[in-house]
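This is entry00.txt. It holds compact mmCIF, C-alpha atoms.
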```txt
# COMPACT_ATOMS: atom_id res chain seq x y z
CA MET A 1 -0.25 -1.19 43.44
CA SER A 2 3.39 -1.66 44.29
CA VAL A 3 5.33 -2.25 41.08
CA ASP A 4 8.41 -4.46 41.17
CA ARG A 5 10.49 -2.39 38.77
CA SER A 6 13.73 -4.11 39.76
CA GLY A 7 12.13 -7.50 39.18
CA PHE A 8 11.07 -6.55 35.65
CA MET A 9 14.53 -5.16 34.88
CA ARG A 10 16.15 -8.32 36.27
CA ARG A 11 14.00 -10.35 33.85
CA ALA A 12 15.18 -8.17 30.94
CA ILE A 13 18.78 -8.63 32.03
CA GLU A 14 18.24 -12.37 32.47
CA LEU A 15 16.95 -12.57 28.88
CA SER A 16 20.03 -10.67 27.69
CA ARG A 17 22.28 -13.26 29.36
CA THR A 18 20.66 -16.63 28.78
CA ARG A 19 19.87 -15.98 25.13
CA LEU A 20 23.35 -14.64 24.59
CA ALA A 21 24.58 -18.06 25.59
CA ALA A 22 22.40 -19.51 22.83
CA GLY A 23 24.29 -17.50 20.18
CA GLU A 24 21.21 -15.90 18.63
CA GLY A 25 22.56 -12.34 18.60
CA GLY A 26 23.79 -9.54 20.82
CA PRO A 27 23.54 -9.29 24.62
CA PHE A 28 20.19 -7.50 24.84
CA GLY A 29 16.91 -8.38 26.53
CA ALA A 30 13.61 -6.55 27.04
CA VAL A 31 10.13 -6.97 28.50
CA VAL A 32 6.91 -4.99 28.06
CA VAL A 33 4.84 -4.56 31.23
CA LYS A 34 1.22 -3.50 31.55
CA ASP A 35 -0.97 -3.46 34.66
CA GLY A 36 1.85 -4.96 36.68
CA ARG A 37 2.36 -7.99 34.42
CA ILE A 38 4.82 -8.90 31.66
CA ILE A 39 2.88 -9.11 28.38
CA GLY A 40 5.81 -9.52 25.98
CA GLU A 41 9.43 -10.65 26.14
CA GLY A 42 12.25 -10.23 23.66
CA TRP A 43 15.94 -10.83 23.15
CA ASN A 44 18.23 -10.00 20.28
CA GLN A 45 17.79 -12.49 17.42
CA VAL A 46 19.52 -10.66 14.56
CA VAL A 47 21.98 -13.45 13.84
CA GLY A 48 19.72 -16.39 14.65
CA THR A 49 16.87 -15.25 12.41
CA ASN A 50 18.82 -13.22 9.81
CA ASP A 51 16.68 -10.21 10.67
CA PRO A 52 18.49 -6.92 11.33
CA THR A 53 15.33 -5.52 12.94
CA ALA A 54 15.07 -8.35 15.50
CA HIS A 55 16.37 -6.29 18.42
CA ALA A 56 15.18 -7.24 21.90
CA GLU A 57 12.80 -4.28 22.15
CA ILE A 58 11.23 -4.83 18.72
CA VAL A 59 10.71 -8.52 19.48
CA ALA A 60 9.16 -7.68 22.88
CA ILE A 61 6.87 -5.01 21.40
CA ARG A 62 5.65 -7.34 18.66
CA ALA A 63 5.04 -10.10 21.22
CA ALA A 64 3.08 -7.74 23.49
CA CYS A 65 0.95 -6.53 20.56
CA ARG A 66 0.20 -10.11 19.56
CA HIS A 67 -0.76 -10.83 23.17
CA LEU A 68 -3.18 -7.88 23.30
CA GLY A 69 -4.35 -8.12 19.69
CA ASN A 70 -3.70 -4.38 19.39
CA PHE A 71 -1.12 -2.16 17.69
CA SER A 72 -1.21 0.21 20.66
CA LEU A 73 0.63 -0.44 23.91
CA ALA A 74 -0.72 2.71 25.57
CA GLY A 75 -0.36 2.39 29.33
CA ALA A 76 2.56 -0.03 29.04
CA GLU A 77 6.22 0.36 30.02
CA LEU A 78 9.37 -1.03 28.42
CA TYR A 79 12.18 -2.55 30.49
CA THR A 80 15.32 -3.06 28.45
CA SER A 81 18.81 -4.18 29.45
CA CYS A 82 20.27 -1.35 27.32
CA GLU A 83 19.12 2.11 26.28
CA PRO A 84 17.18 1.60 23.02
CA CYS A 85 18.87 2.38 19.71
CA PRO A 86 17.03 4.95 17.52
CA MET A 87 15.12 2.16 15.76
CA CYS A 88 13.82 0.74 19.02
CA LEU A 89 13.19 4.16 20.58
CA ALA A 90 11.02 5.16 17.63
CA ALA A 91 9.25 1.78 17.75
CA THR A 92 8.50 2.51 21.42
CA LEU A 93 7.00 5.84 20.40
CA TRP A 94 4.92 4.30 17.58
CA ALA A 95 3.66 1.70 20.05
CA ARG A 96 2.60 4.54 22.40
CA ILE A 97 4.53 3.03 25.31
CA GLU A 98 4.57 5.47 28.22
CA GLY A 99 7.88 4.90 29.99
CA ILE A 100 11.29 3.30 29.46
CA PHE A 101 13.57 1.69 32.03
CA TYR A 102 17.08 0.78 30.89
CA GLY A 103 20.29 -0.67 32.34
CA ASN A 104 23.27 -0.08 30.05
CA THR A 105 23.68 3.12 28.04
CA ARG A 106 24.38 3.71 24.34
CA ASP A 107 27.97 4.50 25.36
CA ASP A 108 28.27 1.14 27.11
CA ALA A 109 27.03 -0.45 23.86
CA ALA A 110 29.53 1.52 21.78
CA ALA A 111 32.31 0.39 24.11
CA ILE A 112 31.64 -3.27 23.22
CA GLY A 113 31.43 -2.59 19.47
CA PHE A 114 27.78 -1.73 18.68
CA ASP A 115 26.86 1.18 16.43
CA ASP A 116 24.00 2.71 18.45
CA GLU A 117 25.86 5.95 19.17
CA TYR A 118 26.92 6.38 15.51
CA PHE A 119 23.37 5.71 14.34
CA TYR A 120 22.00 8.32 16.77
CA ARG A 121 24.35 10.84 15.17
CA GLU A 122 23.22 9.84 11.65
CA VAL A 123 19.51 10.10 12.53
CA MET A 124 20.06 13.54 14.06
CA LEU A 125 21.77 14.98 10.97
CA PRO A 126 19.81 16.80 8.29
CA LEU A 127 18.97 14.45 5.45
CA GLY A 128 21.55 15.92 3.07
CA GLU A 129 24.45 15.66 5.53
CA ARG A 130 24.32 12.00 6.44
CA GLN A 131 26.85 9.39 5.39
CA LEU A 132 23.86 7.33 4.15
CA ARG A 133 22.84 9.35 1.13
CA ALA A 134 19.15 10.01 0.40
CA ILE A 135 17.80 11.27 -2.92
CA ARG A 136 14.26 12.43 -3.69
CA LEU A 137 12.47 10.91 -6.68
CA LEU A 138 8.99 11.35 -8.24
CA PRO A 139 7.56 13.53 -5.44
CA ASP A 140 4.38 14.37 -7.38
CA GLU A 141 3.48 10.74 -7.99
CA ALA A 142 4.20 9.88 -4.36
CA ARG A 143 2.21 12.80 -3.01
CA ALA A 144 -0.86 11.83 -5.04
CA VAL A 145 -1.29 8.77 -2.79
CA PHE A 146 -1.07 10.93 0.36
CA THR A 147 -3.79 13.15 -1.09
CA GLU A 148 -5.91 10.07 -1.75
CA TRP A 149 -5.38 8.91 1.85
CA ALA A 150 -6.21 12.33 3.29
CA ALA A 151 -9.49 12.33 1.35
CA GLY A 152 -10.58 9.01 2.90
CA SER A 153 -12.85 9.09 5.94
CA ASP A 154 -12.43 5.50 7.16
CA ARG A 155 -8.72 5.59 8.00
CA VAL A 156 -7.65 3.95 11.26
CA LYS A 157 -5.28 6.24 13.19
CA TYR A 158 -2.16 4.55 14.57
CA MET B 1 24.39 -1.37 -15.96
CA SER B 2 21.66 1.19 -16.43
CA VAL B 3 19.48 1.27 -13.32
CA ASP B 4 15.79 2.07 -13.65
CA ARG B 5 15.51 4.19 -10.51
CA SER B 6 12.18 5.68 -11.55
CA GLY B 7 10.80 2.21 -12.17
CA PHE B 8 11.78 1.04 -8.70
CA MET B 9 10.27 4.16 -7.14
CA ARG B 10 7.07 3.68 -9.16
CA ARG B 11 6.80 0.17 -7.73
CA ALA B 12 7.18 1.55 -4.18
CA ILE B 13 4.48 4.14 -4.89
CA GLU B 14 2.26 1.48 -6.46
CA LEU B 15 2.54 -0.60 -3.27
CA SER B 16 1.61 2.48 -1.22
CA ARG B 17 -1.55 2.91 -3.27
CA THR B 18 -2.91 -0.59 -3.90
CA ARG B 19 -2.34 -1.78 -0.35
CA LEU B 20 -3.87 1.40 0.98
CA ALA B 21 -7.03 0.38 -0.81
CA ALA B 22 -6.91 -2.91 1.12
CA GLY B 23 -7.11 -1.02 4.45
CA GLU B 24 -4.05 -2.66 6.01
CA GLY B 25 -2.47 0.56 7.23
CA GLY B 26 -1.02 3.88 6.11
CA PRO B 27 -0.19 4.96 2.54
CA PHE B 28 3.42 3.78 2.45
CA GLY B 29 5.29 1.37 0.16
CA ALA B 30 8.92 0.33 -0.21
CA VAL B 31 11.21 -1.98 -2.16
CA VAL B 32 14.79 -3.15 -1.57
CA VAL B 33 16.93 -3.42 -4.70
CA LYS B 34 20.23 -5.24 -5.15
CA ASP B 35 22.16 -5.87 -8.37
CA GLY B 36 19.38 -4.22 -10.38
CA ARG B 37 16.60 -6.45 -9.04
CA ILE B 38 13.90 -6.09 -6.38
CA ILE B 39 14.69 -8.55 -3.59
CA GLY B 40 12.08 -7.42 -1.05
CA GLU B 41 8.79 -5.53 -1.08
CA GLY B 42 6.82 -3.98 1.76
CA TRP B 43 3.77 -1.89 2.54
CA ASN B 44 2.40 -0.54 5.78
CA GLN B 45 0.58 -3.28 7.71
CA VAL B 46 0.33 -1.72 11.18
CA VAL B 47 -3.46 -1.94 11.36
CA GLY B 48 -3.88 -5.20 9.44
CA THR B 49 -1.39 -7.15 11.54
CA ASN B 50 -1.63 -5.22 14.86
CA ASP B 51 2.11 -4.59 14.64
CA PRO B 52 3.29 -1.00 15.20
CA THR B 53 6.68 -1.90 13.68
CA ALA B 54 5.17 -3.14 10.39
CA HIS B 55 6.11 -0.05 8.41
CA ALA B 56 6.69 -0.48 4.68
CA GLU B 57 10.48 -0.22 5.00
CA ILE B 58 10.74 -2.68 7.90
CA VAL B 59 8.57 -5.19 6.03
CA ALA B 60 10.67 -4.77 2.86
CA ILE B 61 13.96 -5.12 4.75
CA ARG B 62 12.78 -8.28 6.51
CA ALA B 63 11.57 -9.73 3.20
CA ALA B 64 14.89 -8.96 1.49
CA CYS B 65 16.85 -10.55 4.35
CA ARG B 66 14.68 -13.68 4.17
CA HIS B 67 15.31 -13.76 0.41
CA LEU B 68 19.09 -13.56 0.83
CA GLY B 69 19.26 -15.61 4.05
CA ASN B 70 21.43 -12.84 5.50
CA PHE B 71 21.03 -10.08 8.09
CA SER B 72 23.16 -7.77 5.96
CA LEU B 73 21.84 -5.93 2.92
CA ALA B 74 25.22 -4.39 2.08
CA GLY B 75 25.23 -3.25 -1.54
CA ALA B 76 21.45 -2.79 -1.59
CA GLU B 77 19.33 0.36 -1.95
CA LEU B 78 15.95 1.25 -0.44
CA TYR B 79 13.20 2.87 -2.48
CA THR B 80 10.41 4.20 -0.31
CA SER B 81 7.32 6.25 -1.14
CA CYS B 82 8.06 8.49 1.88
CA GLU B 83 11.20 9.55 3.74
CA PRO B 84 11.74 6.92 6.44
CA CYS B 85 10.72 7.66 10.03
CA PRO B 86 13.54 7.34 12.61
CA MET B 87 12.64 3.68 13.23
CA CYS B 88 12.95 2.81 9.55
CA LEU B 89 16.02 4.99 8.99
CA ALA B 90 17.86 3.23 11.81
CA ALA B 91 16.69 -0.15 10.48
CA THR B 92 18.19 0.84 7.12
CA LEU B 93 21.47 1.60 8.88
CA TRP B 94 21.46 -1.68 10.84
CA ALA B 95 20.78 -3.52 7.56
CA ARG B 96 23.84 -1.78 6.03
CA ILE B 97 21.79 -0.52 3.08
CA GLU B 98 23.88 1.92 1.03
CA GLY B 99 21.41 4.43 -0.36
CA ILE B 100 17.84 5.68 0.08
CA PHE B 101 15.45 7.04 -2.55
CA TYR B 102 12.24 8.61 -1.28
CA GLY B 103 9.18 10.38 -2.67
CA ASN B 104 7.23 12.22 0.05
CA THR B 105 8.99 13.98 2.94
CA ARG B 106 8.45 13.77 6.70
CA ASP B 107 6.66 17.14 6.43
CA ASP B 108 4.28 15.70 3.83
CA ALA B 109 3.60 12.85 6.28
CA ALA B 110 3.00 15.30 9.14
CA ALA B 111 0.57 17.22 6.95
CA ILE B 112 -1.68 14.15 6.65
CA GLY B 113 -1.52 13.36 10.37
CA PHE B 114 1.49 11.08 10.90
CA ASP B 115 3.92 11.62 13.79
CA ASP B 116 7.23 11.15 11.96
CA GLU B 117 8.35 14.75 12.46
CA TYR B 118 7.47 14.72 16.18
CA PHE B 119 9.29 11.42 16.64
CA TYR B 120 12.40 12.82 14.94
CA ARG B 121 12.38 15.63 17.48
CA GLU B 122 12.00 13.18 20.39
CA VAL B 123 14.86 10.95 19.15
CA MET B 124 17.13 13.99 18.78
CA LEU B 125 16.57 15.21 22.34
CA PRO B 126 18.89 14.19 25.16
CA LEU B 127 17.43 11.27 27.07
CA GLY B 128 16.39 13.36 30.08
CA GLU B 129 14.52 15.98 28.04
CA ARG B 130 12.12 13.80 26.10
CA GLN B 131 8.39 13.63 26.63
CA LEU B 132 8.82 9.83 26.84
CA ARG B 133 10.60 9.50 30.17
CA ALA B 134 13.51 7.09 30.58
CA ILE B 135 14.92 5.96 33.92
CA ARG B 136 18.08 3.97 34.55
CA LEU B 137 17.87 0.84 36.72
CA LEU B 138 20.38 -1.80 37.87
CA PRO B 139 23.28 -0.61 35.67
CA ASP B 140 25.83 -2.90 37.35
CA GLU B 141 23.78 -6.05 36.77
CA ALA B 142 23.13 -5.02 33.16
CA ARG B 143 26.76 -4.19 32.48
CA ALA B 144 27.94 -7.56 33.73
CA VAL B 145 26.33 -9.17 30.65
CA PHE B 146 28.12 -6.74 28.32
CA THR B 147 31.39 -7.68 29.99
CA GLU B 148 30.59 -11.34 29.46
CA TRP B 149 29.84 -10.66 25.78
CA ALA B 150 33.04 -8.65 25.30
CA ALA B 151 35.06 -11.54 26.72
CA GLY B 152 33.63 -13.98 24.15
CA SER B 153 35.65 -14.67 21.01
CA ASP B 154 32.95 -16.31 18.87
CA ARG B 155 30.57 -13.36 18.55
CA VAL B 156 29.05 -12.70 15.12
CA LYS B 157 29.29 -8.98 14.27
CA TYR B 158 26.11 -7.42 12.86
```
Kindly transcribe the structure held in the file into structure tokens.
Amino acid sequence: MSVDRSGFMRRAIELSRTRLAAGEGGPFGAVVVKDGRIIGEGWNQVVGTNDPTAHAEIVAIRAACRHLGNFSLAGAELYTSCEPCPMCLAATLWARIEGIFYGNTRDDAAAIGFDDEYFYREVMLPLGERQLRAIRLLPDEARAVFTEWAAGSDRVKY
Amino acid sequence: MSVDRSGFMRRAIELSRTRLAAGEGGPFGAVVVKDGRIIGEGWNQVVGTNDPTAHAEIVAIRAACRHLGNFSLAGAELYTSCEPCPMCLAATLWARIEGIFYGNTRDDAAAIGFDDEYFYREVMLPLGERQLRAIRLLPDEARAVFTEWAAGSDRVKY
């Protein structure tokens, strides 16, 4: 099967442009492809929906999962107009997507005022060294639930 | 104002336990707190909703944003029964949350079979060295939309 990778990327870029004109959020578009067909599309809707997690990739992944009725996108690929931020990259991993194609880079995004590059640096720092402080509380009470989970035999792996 | 940090964490842990019993997903709960009050609650719903992004923290952040009618949670704190995975940590950053309290660690999560620690390692690797391959396509066409965005004067910063 010949795969039209440029065609899928052009669709992601097209979503980044036309939706930008609608004022819903930043200039980002994405599509999820499986078996040679687009099964989910997304564009940035942070401002339009008041949802800071509504990045193009997250929206496309959720749409593809709805389409398949499955939380796994194993065998699928993500085409995104810009290199995913750490949130979207990790979402891609959780969704078990098997390849990413991107147009702009995180540096291109930084150059027009987005914080992707800064957030990558924060995520890479040890927990105690980040600007966003994190404090541990009630570890024993929290761990008791993990123990309960581990003891269960009917857990669905995701 | 005296803040009941333990009380908020207990609520996050309670959500991790009671919803676990409902079989909707993994043993994770979270609450977003602002001005001494819970404004959003979440629990893992990956399996129940077929949404790989429906982690406790993401669900809580989206709920809090709906509550406020705002994509910014500046001034808010996140209480989560487990250290956030990279997806949820970056979502916390995008939401401009100003502090994280957590119970279990990423190592605790790894010990019961979750991939948080592996995903942290993937996110930290340079793009070309990850197991999840990423290939650049059509950079000039993608960048043209960024240029268009940068030229606009009415963009809402998020």
Per residue of chain A within 6 Å of chain B, note the shortest atom pair and the distance in Å to one decimal, counting all atoms listed in the file, and order the rows by chain and increasing residue number, as a Markdown table.
```
| residue | atom | partner | partner_atom | distance |
| --- | --- | --- | --- | --- |
| A:Ile13 | CA | B:Ala142 | CA | 5.8 |
| A:Arg17 | CA | B:Val145 | CA | 5.9 |
| A:Asn50 | CA | B:Phe71 | CA | 4.2 |
| A:Asp51 | CA | B:Phe71 | CA | 5.1 |
| A:Pro52 | CA | B:Phe71 | CA | 5.2 |
| A:Asn70 | CA | B:Asn50 | CA | 5.1 |
| A:Phe71 | CA | B:Asn50 | CA | 4.2 |
| A:Ser81 | CA | B:Ala142 | CA | 5.8 |
| A:Met87 | CA | B:Met87 | CA | 3.9 |
| A:Ala90 | CA | B:Met87 | CA | 4.9 |
| A:Ala91 | CA | B:Met87 | CA | 6.0 |
| A:Ala95 | CA | B:Pro52 | CA | 5.6 |
| A:Gly99 | CA | B:Arg133 | CA | 5.3 |
| A:Ile100 | CA | B:Ala134 | CA | 4.5 |
| A:Phe101 | CA | B:Ile135 | CA | 4.9 |
| A:Tyr102 | CA | B:Arg136 | CA | 5.0 |
| A:Gly103 | CA | B:Pro139 | CA | 4.5 |
| A:Asn104 | CA | B:Pro139 | CA | 5.6 |
| A:Ile112 | CA | B:Ala150 | CA | 5.9 |
| A:Met124 | CA | B:Met124 | CA | 5.6 |
| A:Leu132 | CA | B:Gly99 | CA | 5.9 |
| A:Arg133 | CA | B:Gly99 | CA | 5.3 |
| A:Ala134 | CA | B:Ile100 | CA | 4.5 |
| A:Ile135 | CA | B:Phe101 | CA | 4.9 |
| A:Arg136 | CA | B:Tyr102 | CA | 4.9 |
| A:Leu137 | CA | B:Gly103 | CA | 5.2 |
| A:Leu138 | CA | B:Gly103 | CA | 5.7 |
| A:Pro139 | CA | B:Gly103 | CA | 4.5 |
| A:Ala142 | CA | B:Gly103 | CA | 5.3 |
| A:Arg143 | CA | B:Asn104 | CA | 5.9 |
| A:Val145 | CA | B:Arg17 | CA | 5.9 |
| A:Ala150 | CA | B:Ile112 | CA | 5.9 |
```
*Between atom CA of Gln45 of chain A and atom CA of Val33 of chain B, distance in Å (one decimal)*: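 Computing the Euclidean distance for atom CA of Gln45 of chain A and atom CA of Val33 of chain B yields 23.9 Å.
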Take every atom of segment 68-85 of chain B listed in the file, fit an axis-aligned box around them, add 6 Å per side, and give the centre and edge lengths in Å to one decimal as AutoDock Vina command-line options.
```
--center_x 16.3 --center_y -3.0 --center_z 3.8 --size_x 29.9 --size_y 37.2 --size_z 24.5
```
Pose of chain B fitted onto chain A, C-alpha LSQ, given as a short mmCIF file (atom, residue, chain, number, x, y, z; two decimals) with C-alpha atoms, keeping the file's coordinate frame:
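Just written: superposed23.cif:
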```cif
data_model
loop_
_atom_site.label_atom_id
_atom_site.label_comp_id
_atom_site.auth_asym_id
_atom_site.auth_seq_id
_atom_site.Cartn_x
_atom_site.Cartn_y
_atom_site.Cartn_z
CA MET B 1 -0.28 -1.21 43.45
CA SER B 2 3.37 -1.66 44.29
CA VAL B 3 5.33 -2.25 41.09
CA ASP B 4 8.40 -4.47 41.17
CA ARG B 5 10.50 -2.40 38.77
CA SER B 6 13.73 -4.12 39.77
CA GLY B 7 12.14 -7.50 39.17
CA PHE B 8 11.06 -6.54 35.66
CA MET B 9 14.53 -5.17 34.90
CA ARG B 10 16.14 -8.34 36.27
CA ARG B 11 14.01 -10.36 33.86
CA ALA B 12 15.17 -8.17 30.94
CA ILE B 13 18.79 -8.65 32.03
CA GLU B 14 18.23 -12.38 32.46
CA LEU B 15 16.96 -12.58 28.86
CA SER B 16 20.06 -10.68 27.70
CA ARG B 17 22.29 -13.25 29.37
CA THR B 18 20.65 -16.64 28.77
CA ARG B 19 19.86 -15.96 25.13
CA LEU B 20 23.35 -14.63 24.60
CA ALA B 21 24.58 -18.06 25.60
CA ALA B 22 22.39 -19.51 22.83
CA GLY B 23 24.30 -17.47 20.20
CA GLU B 24 21.22 -15.89 18.63
CA GLY B 25 22.57 -12.35 18.61
CA GLY B 26 23.80 -9.52 20.82
CA PRO B 27 23.54 -9.28 24.63
CA PHE B 28 20.20 -7.49 24.83
CA GLY B 29 16.90 -8.37 26.54
CA ALA B 30 13.61 -6.55 27.04
CA VAL B 31 10.13 -6.97 28.51
CA VAL B 32 6.90 -4.99 28.06
CA VAL B 33 4.84 -4.55 31.23
CA LYS B 34 1.21 -3.50 31.54
CA ASP B 35 -0.98 -3.46 34.66
CA GLY B 36 1.86 -4.97 36.69
CA ARG B 37 2.36 -7.99 34.42
CA ILE B 38 4.81 -8.90 31.66
CA ILE B 39 2.87 -9.10 28.39
CA GLY B 40 5.80 -9.50 25.98
CA GLU B 41 9.41 -10.64 26.15
CA GLY B 42 12.23 -10.23 23.65
CA TRP B 43 15.93 -10.84 23.14
CA ASN B 44 18.24 -10.01 20.28
CA GLN B 45 17.79 -12.49 17.42
CA VAL B 46 19.52 -10.66 14.56
CA VAL B 47 22.00 -13.45 13.84
CA GLY B 48 19.72 -16.39 14.66
CA THR B 49 16.88 -15.25 12.42
CA ASN B 50 18.84 -13.22 9.80
CA ASP B 51 16.68 -10.22 10.67
CA PRO B 52 18.49 -6.92 11.33
CA THR B 53 15.32 -5.52 12.94
CA ALA B 54 15.06 -8.35 15.51
CA HIS B 55 16.36 -6.29 18.40
CA ALA B 56 15.19 -7.23 21.89
CA GLU B 57 12.80 -4.28 22.14
CA ILE B 58 11.23 -4.82 18.71
CA VAL B 59 10.70 -8.51 19.47
CA ALA B 60 9.15 -7.67 22.87
CA ILE B 61 6.87 -5.00 21.39
CA ARG B 62 5.66 -7.34 18.65
CA ALA B 63 5.04 -10.10 21.22
CA ALA B 64 3.08 -7.74 23.48
CA CYS B 65 0.96 -6.52 20.56
CA ARG B 66 0.20 -10.12 19.54
CA HIS B 67 -0.76 -10.82 23.16
CA LEU B 68 -3.18 -7.88 23.30
CA GLY B 69 -4.35 -8.13 19.67
CA ASN B 70 -3.69 -4.39 19.38
CA PHE B 71 -1.12 -2.16 17.68
CA SER B 72 -1.22 0.21 20.64
CA LEU B 73 0.62 -0.44 23.89
CA ALA B 74 -0.72 2.71 25.57
CA GLY B 75 -0.37 2.39 29.33
CA ALA B 76 2.56 -0.02 29.03
CA GLU B 77 6.22 0.37 30.02
CA LEU B 78 9.38 -1.03 28.42
CA TYR B 79 12.17 -2.54 30.48
CA THR B 80 15.32 -3.05 28.45
CA SER B 81 18.81 -4.18 29.45
CA CYS B 82 20.28 -1.35 27.33
CA GLU B 83 19.10 2.11 26.27
CA PRO B 84 17.19 1.60 23.02
CA CYS B 85 18.88 2.39 19.70
CA PRO B 86 17.03 4.95 17.52
CA MET B 87 15.12 2.15 15.75
CA CYS B 88 13.82 0.74 19.02
CA LEU B 89 13.19 4.16 20.58
CA ALA B 90 11.02 5.17 17.63
CA ALA B 91 9.25 1.79 17.75
CA THR B 92 8.50 2.51 21.42
CA LEU B 93 6.99 5.84 20.39
CA TRP B 94 4.91 4.31 17.57
CA ALA B 95 3.66 1.70 20.06
CA ARG B 96 2.59 4.54 22.41
CA ILE B 97 4.53 3.03 25.31
CA GLU B 98 4.57 5.48 28.23
CA GLY B 99 7.88 4.92 29.96
CA ILE B 100 11.29 3.30 29.46
CA PHE B 101 13.58 1.70 32.05
CA TYR B 102 17.08 0.79 30.89
CA GLY B 103 20.27 -0.67 32.34
CA ASN B 104 23.27 -0.09 30.05
CA THR B 105 23.68 3.13 28.04
CA ARG B 106 24.38 3.71 24.35
CA ASP B 107 27.98 4.51 25.36
CA ASP B 108 28.27 1.13 27.10
CA ALA B 109 27.02 -0.46 23.86
CA ALA B 110 29.54 1.51 21.79
CA ALA B 111 32.31 0.37 24.11
CA ILE B 112 31.64 -3.28 23.22
CA GLY B 113 31.43 -2.58 19.48
CA PHE B 114 27.80 -1.74 18.70
CA ASP B 115 26.87 1.18 16.42
CA ASP B 116 24.02 2.70 18.44
CA GLU B 117 25.87 5.94 19.16
CA TYR B 118 26.93 6.38 15.51
CA PHE B 119 23.38 5.70 14.34
CA TYR B 120 22.01 8.32 16.76
CA ARG B 121 24.35 10.84 15.16
CA GLU B 122 23.24 9.85 11.64
CA VAL B 123 19.52 10.10 12.53
CA MET B 124 20.07 13.55 14.06
CA LEU B 125 21.77 14.97 10.97
CA PRO B 126 19.80 16.79 8.29
CA LEU B 127 18.97 14.44 5.44
CA GLY B 128 21.56 15.92 3.07
CA GLU B 129 24.46 15.66 5.53
CA ARG B 130 24.32 12.00 6.43
CA GLN B 131 26.84 9.38 5.40
CA LEU B 132 23.86 7.33 4.15
CA ARG B 133 22.82 9.35 1.12
CA ALA B 134 19.14 10.01 0.40
CA ILE B 135 17.79 11.26 -2.92
CA ARG B 136 14.27 12.43 -3.69
CA LEU B 137 12.46 10.91 -6.69
CA LEU B 138 8.99 11.35 -8.23
CA PRO B 139 7.56 13.53 -5.43
CA ASP B 140 4.38 14.37 -7.37
CA GLU B 141 3.48 10.73 -7.99
CA ALA B 142 4.20 9.88 -4.35
CA ARG B 143 2.20 12.79 -3.01
CA ALA B 144 -0.86 11.85 -5.02
CA VAL B 145 -1.28 8.77 -2.78
CA PHE B 146 -1.08 10.92 0.37
CA THR B 147 -3.80 13.14 -1.07
CA GLU B 148 -5.92 10.08 -1.74
CA TRP B 149 -5.38 8.90 1.85
CA ALA B 150 -6.22 12.33 3.30
CA ALA B 151 -9.49 12.33 1.37
CA GLY B 152 -10.57 9.01 2.91
CA SER B 153 -12.85 9.09 5.95
CA ASP B 154 -12.43 5.50 7.16
CA ARG B 155 -8.72 5.59 8.02
CA VAL B 156 -7.64 3.93 11.27
CA LYS B 157 -5.26 6.23 13.19
CA TYR B 158 -2.13 4.55 14.58
#
```
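For Gly36 of chain A, the list of residues within 12 Å, based on all atoms listed in the file and with local chain neighbours fewer than 5 positions off taken out, reads A:Met1, A:Ser2, A:Val3, A:Asp4, A:Arg5, A:Gly7, A:Phe8, A:Val31, A:Gly75, A:Ala76, A:Glu77, A:Leu78.
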_Would you compute the distance between atom CA of Arg11 of chain A and atom CA of Gly152 of chain B? Give it in Å to one decimal._
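We find that atom CA of Arg11 of chain A and atom CA of Gly152 of chain B lie 22.2 Å from each other.
With only C-alpha atoms as the atoms that count, the residue of B:Gly128, B:Asn44, B:Ser153, B:Val32 with the shortest distance to Ala60 of chain B is B:Val32.
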*What separation in Å, quoted to one decimal, exists between atom CA of His67 of chain B and atom CA of Glu41 of chain B?*
10.6 Å
